[in-house]
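Written out below as structure tokens is the structure these notes cover.
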Amino acid sequence: MQPAPLHARPIAVIGMAARFAGADDVEEYWTNLVDCVESVSRPDEGESVPDDGVSDGRRVRAVARVDDIESFDADHFRVPPAEAVTMDPQQRVLLEVASAALEDAGYGGQRDAVVGVFVGSGENHYFREYVAPTEALAGRGGDVRITLANEKDFLAPRLAFKLGLTGPAITVQTGCATALSAVALACASLAAGDCDIALAGGVSLLMPDVDGYTYTEGGILSADGRCRAFDADASGTVPGSGAGIVVLRRDADARAGRDRRRAVIRGWAVNNDGGSRAGFTVPNIDGQEAVIRTALARAGMTPEQVGYIEAHGTGTAIGDPVEFEALRRVFATPNRQPRTLTLGAVKPSIGHTDAAAGVAGLIKATLAVERAVMPGTLHFRAPNPELELDSTPFTVTAETRPWDTEGPRVAGVSSFGLGGSNAHVVVESVTAVPAADAARPRQVLALSARSDDELDRMRQRLADRLTAAPAPDLATLADTAHTLAVGRARFPRRWAAVAADRDEAVALLRSPAEAGRPVTRWSLALHGTPDELAAMGERLLAAEPLLGPEIAELREAAGSAGQPGLTGLAPHRAGALAALGVARILRRLGLTFSRIDTPDWARAAGRWLAEGADPATLAAAVDACAGDDAGPLRERAGQIVVGPSFDLGEAVATAWRAGVAVDWTAYYAAEPRGRVPLPTYPFTRRRFWLERPQARLDTAGGAPSGSRGAEATSTAAYVEQVWCEVLGVQQIAHDAHFVDHLGGDSLYAVEIGARLNSDLGLDIPVDLPFIAPTIAASAAFLDQNLVMETSS
């Protein structure tokens, strides 16, 4: 007997990203579902072929493919081209989707949280049909790099490595139930405290040249290229592609962190049908019923509370009746009224996405409970008579309709895999929490990218998002600025601007602008009379939440505590303390100053600041400040001026554009800001794809020789040639770092070292690229060893 499950701690869905047929992101996916768009490609349509879509005997040309899987932003993830071209495209696509999901949640930047990853993938067609035959025809085999780039075992660890995730990294494989099983495992890991945030989902991709399948009567694939879940004309499903990731966090932590809670997972369960069934691939009513009841029990909910079921819904002769009977046993309670529980399925829209099917259903259900909309189920005309739908509480609709209900909206999501693996989760709507009032009248919008082109695309996409959204109040704009600051990775090309409202922000984003230029040395100039700096302090105290605590701490150290702000202080003391408070804030935000310039009257305070003196000496330094002569000021590059018109936001924006690693967490420490979904990074993809091998290779299988002197004219040129051949690139800057810039690892390093030893007849360390991690450094190392070899 299965033990009664403990009630679950609610798990919030705080981010998501996806690529499915006809949709490059979640919003496109949702729009297609709501508009009842079918994303199955049928090459025969428009041609002179039978209406049933069957041609070439039993060949059905219908498939739902993800576009452009041949391309990948290898540079963004520091993957060498030689590795990218042999890597399972499922791992490449999921890497981009996982990165986008973290950004959607607002945790794509530096974070203290322990993040776990639970993912799975479908069959690796690319390795079987492209990589392995190419390697075999070239006479190669047993390359561990090929194994690492293609085995499912390394799917989750690769995400953890490339995204810097330190929690559990577990590859989950349960057939068609893979993605939803991964979600359930992630929820359990969060509930147990194994991680603070979790990525969960799956991927399954068809090859670009696949345009259909062979229909077999009695099989799981449709006779006419259409999936008709629970319909009288259902004959099977359609092959599909997709990748999806949800970002999960314990709901209590998500509330405390003011995350965007799309919905909460109240309960989850996984099980297996076991051996009491007719065959290994035959589904079992008892197992499916049990997994749904367990998930509901863990959620602490009754069947009557559920208003929508996102079914597995394959449209097969066996699968649909078994699934429907399990649902009927659970939800057809005496208290349930007819037509009060909507049954839906996403497979008629995007095909059967195999290992990604569960997350496709979960994302749909999450958006449904969040937006109070039930998308229609395509191709449903009349119910399968075996289901006896009219005698149950279920209804299926082909049209999208609003979800009107009293109280929270609750949905169940099912995913069942061949082999008897079953998964079910219970998703509930949440009440949106309004953004906290903005503490600052103007907000810093800060962006960074790897290139000027990507930076410009980021600016335009953010401007489009702000323009399309309802006019946000200042609180929403503040959350937008906060998300950009703390929720994105940092790159060399920088842009920043300060805006007071949405319209100003959009205008600044669309205005022509150059990326900031790096500044390595900074100076600080205190400028103005005591009265002017005191007035600056009063202005900033009203607009800048960081200054009040600084002034209070300085007043206490200077022996004048007891009154708030600058109240009751003489102008020279008020001006000096205001300037010192601002300077300390700038230091805490990440600016370091090699020089501090002050007017004569504030020289003692400037000296105290430069020396980092003990607080006990502050009173004397402030008392020594007197007079009204501000002195002349000549501004220069890399200088922050704290004067009458000083604005902290503008100073921070200037520092960010110039490459300063601004401590944004410290900048927002005094206000309870949240994270909101924003456009994610605009990847620059290139094609990394092998051609389908023919009977023999069209080109020589081995790598170019790389012997010294054939093409190289110097040691550095020779080293570059070897590095290029091993890493699969055409040119490498001689100061590019082997790991940081080129994504090199120990396997590539050993191959390079072995090549150098073999060609030059030396006995240098085989991990030379780690010892001398640039071409210039390796060349110098080789030259020194060649001289020693010659002299001996």
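Going through the structure tokens in order, the chains are called A, B, and so on, while each chain numbers its residues from 1 and the ligands are numbered from 1 in the order shown.
For A:Ala290, the non-local neighbours within 10 Å, defined as residues at least 4 positions apart in the same chain or in other chains and counting only C-alpha atoms, are Gln2, Ala269, Val270, Asn271, Asn272, Asp273, Ile285, Asp286, Thr294, Ala295, Leu296, Ala326, Val330, Asn422 and His424 of chain A.
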Output file for the residues above (N, CA, C and O atoms, as a CSV table (one decimal), in the first residue's frame):
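Done, and the output landed in again_8.csv:
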```
chain,number,residue,atom,x,y,z
A,2,GLN,N,0.5,2.2,-0.9
A,2,GLN,CA,1.3,3.4,-0.9
A,2,GLN,C,1.0,4.3,0.3
A,2,GLN,O,-0.2,4.6,0.6
A,269,ALA,N,3.6,14.5,-8.1
A,269,ALA,CA,3.8,13.0,-7.8
A,269,ALA,C,4.4,12.4,-9.1
A,269,ALA,O,4.1,12.8,-10.2
A,270,VAL,N,5.2,11.3,-8.9
A,270,VAL,CA,5.6,10.4,-10.0
A,270,VAL,C,5.5,9.0,-9.5
A,270,VAL,O,5.6,8.7,-8.3
A,271,ASN,N,5.2,8.1,-10.4
A,271,ASN,CA,5.2,6.7,-10.1
A,271,ASN,C,5.4,5.9,-11.3
A,271,ASN,O,5.6,6.4,-12.4
A,272,ASN,N,5.2,4.5,-11.2
A,272,ASN,CA,5.3,3.7,-12.4
A,272,ASN,C,4.2,2.7,-12.3
A,272,ASN,O,3.7,2.3,-11.3
A,273,ASP,N,3.7,2.2,-13.5
A,273,ASP,CA,2.6,1.3,-13.6
A,273,ASP,C,3.0,-0.1,-13.1
A,273,ASP,O,2.1,-0.9,-12.8
A,285,ILE,N,-4.5,2.1,-16.1
A,285,ILE,CA,-5.4,3.0,-15.5
A,285,ILE,C,-5.1,3.2,-14.0
A,285,ILE,O,-5.1,4.3,-13.5
A,286,ASP,N,-4.8,2.1,-13.3
A,286,ASP,CA,-4.5,2.2,-11.9
A,286,ASP,C,-3.3,3.1,-11.6
A,286,ASP,O,-3.4,3.9,-10.6
A,294,THR,N,-2.2,11.1,-5.7
A,294,THR,CA,-1.1,11.4,-4.8
A,294,THR,C,-0.8,12.9,-4.9
A,294,THR,O,-0.5,13.6,-3.9
A,295,ALA,N,-0.8,13.4,-6.1
A,295,ALA,CA,-0.5,14.8,-6.3
A,295,ALA,C,-1.5,15.7,-5.6
A,295,ALA,O,-1.2,16.7,-5.0
A,296,LEU,N,-2.8,15.4,-5.8
A,296,LEU,CA,-3.8,16.1,-5.1
A,296,LEU,C,-3.7,16.1,-3.6
A,296,LEU,O,-3.9,17.1,-2.9
A,326,ALA,N,-8.9,7.0,-16.1
A,326,ALA,CA,-8.2,7.4,-14.8
A,326,ALA,C,-8.7,8.7,-14.3
A,326,ALA,O,-8.9,8.9,-13.1
A,330,VAL,N,-11.0,9.7,-10.7
A,330,VAL,CA,-10.6,10.7,-9.7
A,330,VAL,C,-11.6,11.9,-9.6
A,330,VAL,O,-11.9,12.3,-8.5
A,422,ASN,N,4.7,7.7,-14.9
A,422,ASN,CA,3.6,8.7,-14.8
A,422,ASN,C,4.0,9.9,-13.9
A,422,ASN,O,4.7,9.7,-12.9
A,424,HIS,N,2.4,13.9,-12.5
A,424,HIS,CA,1.3,14.8,-12.4
A,424,HIS,C,1.6,15.9,-11.5
A,424,HIS,O,2.2,15.7,-10.4
```
Mind running stretch 23-109 of chain A against stretch 400-418 of chain A at 8 Å and telling me each contacting residue's nearest atom pair with the distance in Å (one decimal), counting only C-alpha atoms, chain and number ascending, as a tab-separated table?
```
residue	atom	partner	partner_atom	distance
A:Val34	CA	A:Thr400	CA	5.9
A:Asp35	CA	A:Thr400	CA	7.4
A:Cys36	CA	A:Thr400	CA	7.4
```
Residues just named, written with C-alpha atoms as a compact mmCIF listing (two decimals), in the first residue's frame:
```
# COMPACT_ATOMS: atom_id res chain seq x y z
CA VAL A 34 -4.90 31.22 -27.71
CA ASP A 35 -5.39 31.88 -31.43
CA CYS A 36 -5.73 28.13 -32.08
```
(request) Give the strand (DSSP E or B) residues of stretch 272-359 of chain A, as assigned by DSSP on the backbone, as a PyMOL selection string. (result) chain A and resi 272+308-310+341-344+352
(request) Between atom CA of A:Tyr667 and atom CA of A:Thr476, measure the distance and give it in Å to one decimal. (result)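 Result for atom CA of A:Tyr667 versus atom CA of A:Thr476: 17.2 Å, one decimal.
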(request) Identify all residues of stretch 520-646 of chain A in alpha helix (DSSP H) (DSSP on the backbone) and supply them as number ranges by chain. (result) A: 530-543, 547-557, 571-588, 603-611, 618-623
List as JSON lines every residue of stretch 582-690 of chain A that is in contact with stretch 61-78 of chain A, defined as an atom at most 9 Å from one of its atoms (using only C-alpha atoms), together with the nearest atom pair and the distance in Å rounded to one decimal, sorted by chain and then rising number.
```
{"residue": "A:Phe683", "atom": "CA", "partner": "A:Asp73", "partner_atom": "CA", "distance": 5.9}
{"residue": "A:Thr684", "atom": "CA", "partner": "A:Asp73", "partner_atom": "CA", "distance": 5.4}
{"residue": "A:Arg685", "atom": "CA", "partner": "A:Asp73", "partner_atom": "CA", "distance": 4.2}
{"residue": "A:Arg686", "atom": "CA", "partner": "A:Ser71", "partner_atom": "CA", "distance": 4.9}
{"residue": "A:Arg687", "atom": "CA", "partner": "A:Ser71", "partner_atom": "CA", "distance": 4.1}
{"residue": "A:Phe688", "atom": "CA", "partner": "A:Ser71", "partner_atom": "CA", "distance": 5.7}
{"residue": "A:Trp689", "atom": "CA", "partner": "A:Glu70", "partner_atom": "CA", "distance": 5.5}
{"residue": "A:Leu690", "atom": "CA", "partner": "A:Glu70", "partner_atom": "CA", "distance": 8.9}
```
Go ahead and save the residues from that selection, with all heavy atoms, as a short mmCIF file (atom, residue, chain, number, x, y, z; two decimals), in the first residue's frame.
```cif
data_model
loop_
_atom_site.label_atom_id
_atom_site.label_comp_id
_atom_site.auth_asym_id
_atom_site.auth_seq_id
_atom_site.Cartn_x
_atom_site.Cartn_y
_atom_site.Cartn_z
N PHE A 683 20.75 36.46 -28.64
CA PHE A 683 21.88 35.63 -29.09
C PHE A 683 22.23 35.93 -30.55
O PHE A 683 21.37 36.23 -31.37
CB PHE A 683 21.54 34.16 -28.95
CG PHE A 683 21.34 33.71 -27.53
CD1 PHE A 683 20.13 33.17 -27.12
CD2 PHE A 683 22.35 33.85 -26.60
CE1 PHE A 683 19.94 32.75 -25.81
CE2 PHE A 683 22.17 33.44 -25.29
CZ PHE A 683 20.96 32.89 -24.90
N THR A 684 23.51 35.83 -30.86
CA THR A 684 24.00 35.92 -32.23
C THR A 684 24.45 34.52 -32.64
O THR A 684 25.53 34.06 -32.28
CB THR A 684 25.17 36.91 -32.33
OG1 THR A 684 24.73 38.20 -31.91
CG2 THR A 684 25.67 36.99 -33.77
N ARG A 685 23.60 33.85 -33.38
CA ARG A 685 23.85 32.45 -33.70
C ARG A 685 24.60 32.32 -35.03
O ARG A 685 24.42 33.11 -35.94
CB ARG A 685 22.53 31.68 -33.78
CG ARG A 685 21.73 31.69 -32.48
CD ARG A 685 20.49 30.82 -32.59
NE ARG A 685 19.75 30.75 -31.35
CZ ARG A 685 18.59 31.36 -31.14
NH1 ARG A 685 18.04 32.08 -32.09
NH2 ARG A 685 17.97 31.26 -29.97
N ARG A 686 25.41 31.26 -35.09
CA ARG A 686 26.08 30.86 -36.32
C ARG A 686 25.80 29.38 -36.58
O ARG A 686 25.48 28.64 -35.66
CB ARG A 686 27.60 31.08 -36.23
CG ARG A 686 28.00 32.55 -36.19
CD ARG A 686 29.51 32.68 -36.18
NE ARG A 686 30.10 32.21 -34.93
CZ ARG A 686 31.25 31.58 -34.83
NH1 ARG A 686 31.94 31.28 -35.92
NH2 ARG A 686 31.73 31.22 -33.65
N ARG A 687 25.94 28.97 -37.82
CA ARG A 687 25.63 27.60 -38.18
C ARG A 687 26.76 26.66 -37.77
O ARG A 687 27.91 26.86 -38.16
CB ARG A 687 25.37 27.48 -39.68
CG ARG A 687 24.77 26.13 -40.09
CD ARG A 687 24.40 26.15 -41.58
NE ARG A 687 23.61 24.99 -41.94
CZ ARG A 687 24.11 23.82 -42.34
NH1 ARG A 687 25.42 23.67 -42.41
NH2 ARG A 687 23.31 22.83 -42.66
N PHE A 688 26.43 25.65 -36.98
CA PHE A 688 27.36 24.59 -36.61
C PHE A 688 26.66 23.28 -36.91
O PHE A 688 25.85 22.79 -36.12
CB PHE A 688 27.72 24.66 -35.12
CG PHE A 688 28.49 25.90 -34.74
CD1 PHE A 688 27.84 26.99 -34.17
CD2 PHE A 688 29.86 25.98 -34.94
CE1 PHE A 688 28.53 28.12 -33.82
CE2 PHE A 688 30.56 27.12 -34.59
CZ PHE A 688 29.90 28.20 -34.02
N TRP A 689 26.95 22.71 -38.07
CA TRP A 689 26.19 21.54 -38.50
C TRP A 689 26.99 20.73 -39.50
O TRP A 689 27.57 21.26 -40.44
CB TRP A 689 24.87 21.98 -39.15
CG TRP A 689 23.83 20.92 -39.18
CD1 TRP A 689 23.49 20.13 -40.23
CD2 TRP A 689 22.98 20.53 -38.10
NE1 TRP A 689 22.48 19.26 -39.88
CE2 TRP A 689 22.15 19.49 -38.58
CE3 TRP A 689 22.85 20.94 -36.78
CZ2 TRP A 689 21.19 18.87 -37.78
CZ3 TRP A 689 21.89 20.33 -35.98
CH2 TRP A 689 21.08 19.31 -36.47
N LEU A 690 27.03 19.43 -39.28
CA LEU A 690 27.64 18.52 -40.23
C LEU A 690 26.64 18.17 -41.32
O LEU A 690 25.42 18.20 -41.09
CB LEU A 690 28.09 17.23 -39.52
CG LEU A 690 29.16 17.37 -38.44
CD1 LEU A 690 29.31 16.05 -37.69
CD2 LEU A 690 30.48 17.79 -39.04
#
```
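Residue neighbourhood of stretch 97-112 of chain A, excluding near-sequence residues (fewer than 3 positions): Ile14, Gly15, Met16, Ala17, Leu94, Thr483, Gly487, Arg488, Ala489, Arg675, Pro677 and Thr680 of chain A, at 6 Å, using only C-alpha atoms.
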(request) One decimal, Å: what's the distance from atom CA of A:His125 over to atom CA of A:Asp88, could you say? (result) 8.3 Å
(request) Tell me, in Å to one decimal, how far atom CA of A:Thr353 is from atom CA of A:Glu27. (result)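 These atoms are spaced 18.2 Å apart.
Distances here use only C-alpha atoms; by that measure, the residue among A:Ala435, A:Val486, A:Ala198, A:Leu633 closest to A:Ala184 is A:Ala198.
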Could you give me, as JSON lines, every stretch 315-356 of chain A residue with an atom at most 10 Å from stretch 161-179 of chain A, plus its closest atom pair and distance in Å to one decimal, counting only C-alpha atoms, rows ordered by chain then number?
```
{"residue": "A:His352", "atom": "CA", "partner": "A:Cys176", "partner_atom": "CA", "distance": 8.7}
{"residue": "A:Thr353", "atom": "CA", "partner": "A:Cys176", "partner_atom": "CA", "distance": 8.0}
{"residue": "A:Asp354", "atom": "CA", "partner": "A:Cys176", "partner_atom": "CA", "distance": 4.7}
{"residue": "A:Ala355", "atom": "CA", "partner": "A:Cys176", "partner_atom": "CA", "distance": 4.8}
{"residue": "A:Ala356", "atom": "CA", "partner": "A:Ala179", "partner_atom": "CA", "distance": 5.4}
```
(message) Env of stretch 210-218 of chain A: 8 Å cut, atoms = only C-alpha atoms, seq-sep filter 5 positions within chain, self excluded. Answer as a PyMOL selection string.
(response) chain A and resi 41-43+58-63+223+317
(message) Residues near A:Leu445, anyone? I mean within 8 Å using only C-alpha atoms, not counting same-chain ones fewer than 6 positions away, as JSON, numbers by chain.
(response) {"A": [480, 481, 484, 485, 496, 497, 498, 499, 505, 653]}
File of the preceding selection, C-alpha atoms, as an mmCIF file, in the first residue's frame:
```
data_model
loop_
_atom_site.group_PDB
_atom_site.id
_atom_site.type_symbol
_atom_site.label_atom_id
_atom_site.label_comp_id
_atom_site.auth_asym_id
_atom_site.auth_seq_id
_atom_site.Cartn_x
_atom_site.Cartn_y
_atom_site.Cartn_z
ATOM 1 C CA THR A 480 12.404 47.077 -14.363
ATOM 2 C CA ALA A 481 15.619 48.948 -13.546
ATOM 3 C CA LEU A 484 18.211 44.785 -15.363
ATOM 4 C CA ALA A 485 20.774 45.617 -12.682
ATOM 5 C CA ALA A 496 23.105 53.208 -19.118
ATOM 6 C CA ALA A 497 20.695 56.118 -18.786
ATOM 7 C CA VAL A 498 18.555 57.678 -16.065
ATOM 8 C CA ALA A 499 14.811 58.127 -16.669
ATOM 9 C CA ALA A 505 13.063 55.673 -20.870
ATOM 10 C CA ALA A 653 25.252 55.282 -14.793
#
```
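You can rank A:Ala621, A:Val183, A:Val247, A:Ala651 by their closest distance to A:Leu524 using only C-alpha atoms, and at the top of that list sits A:Ala651.
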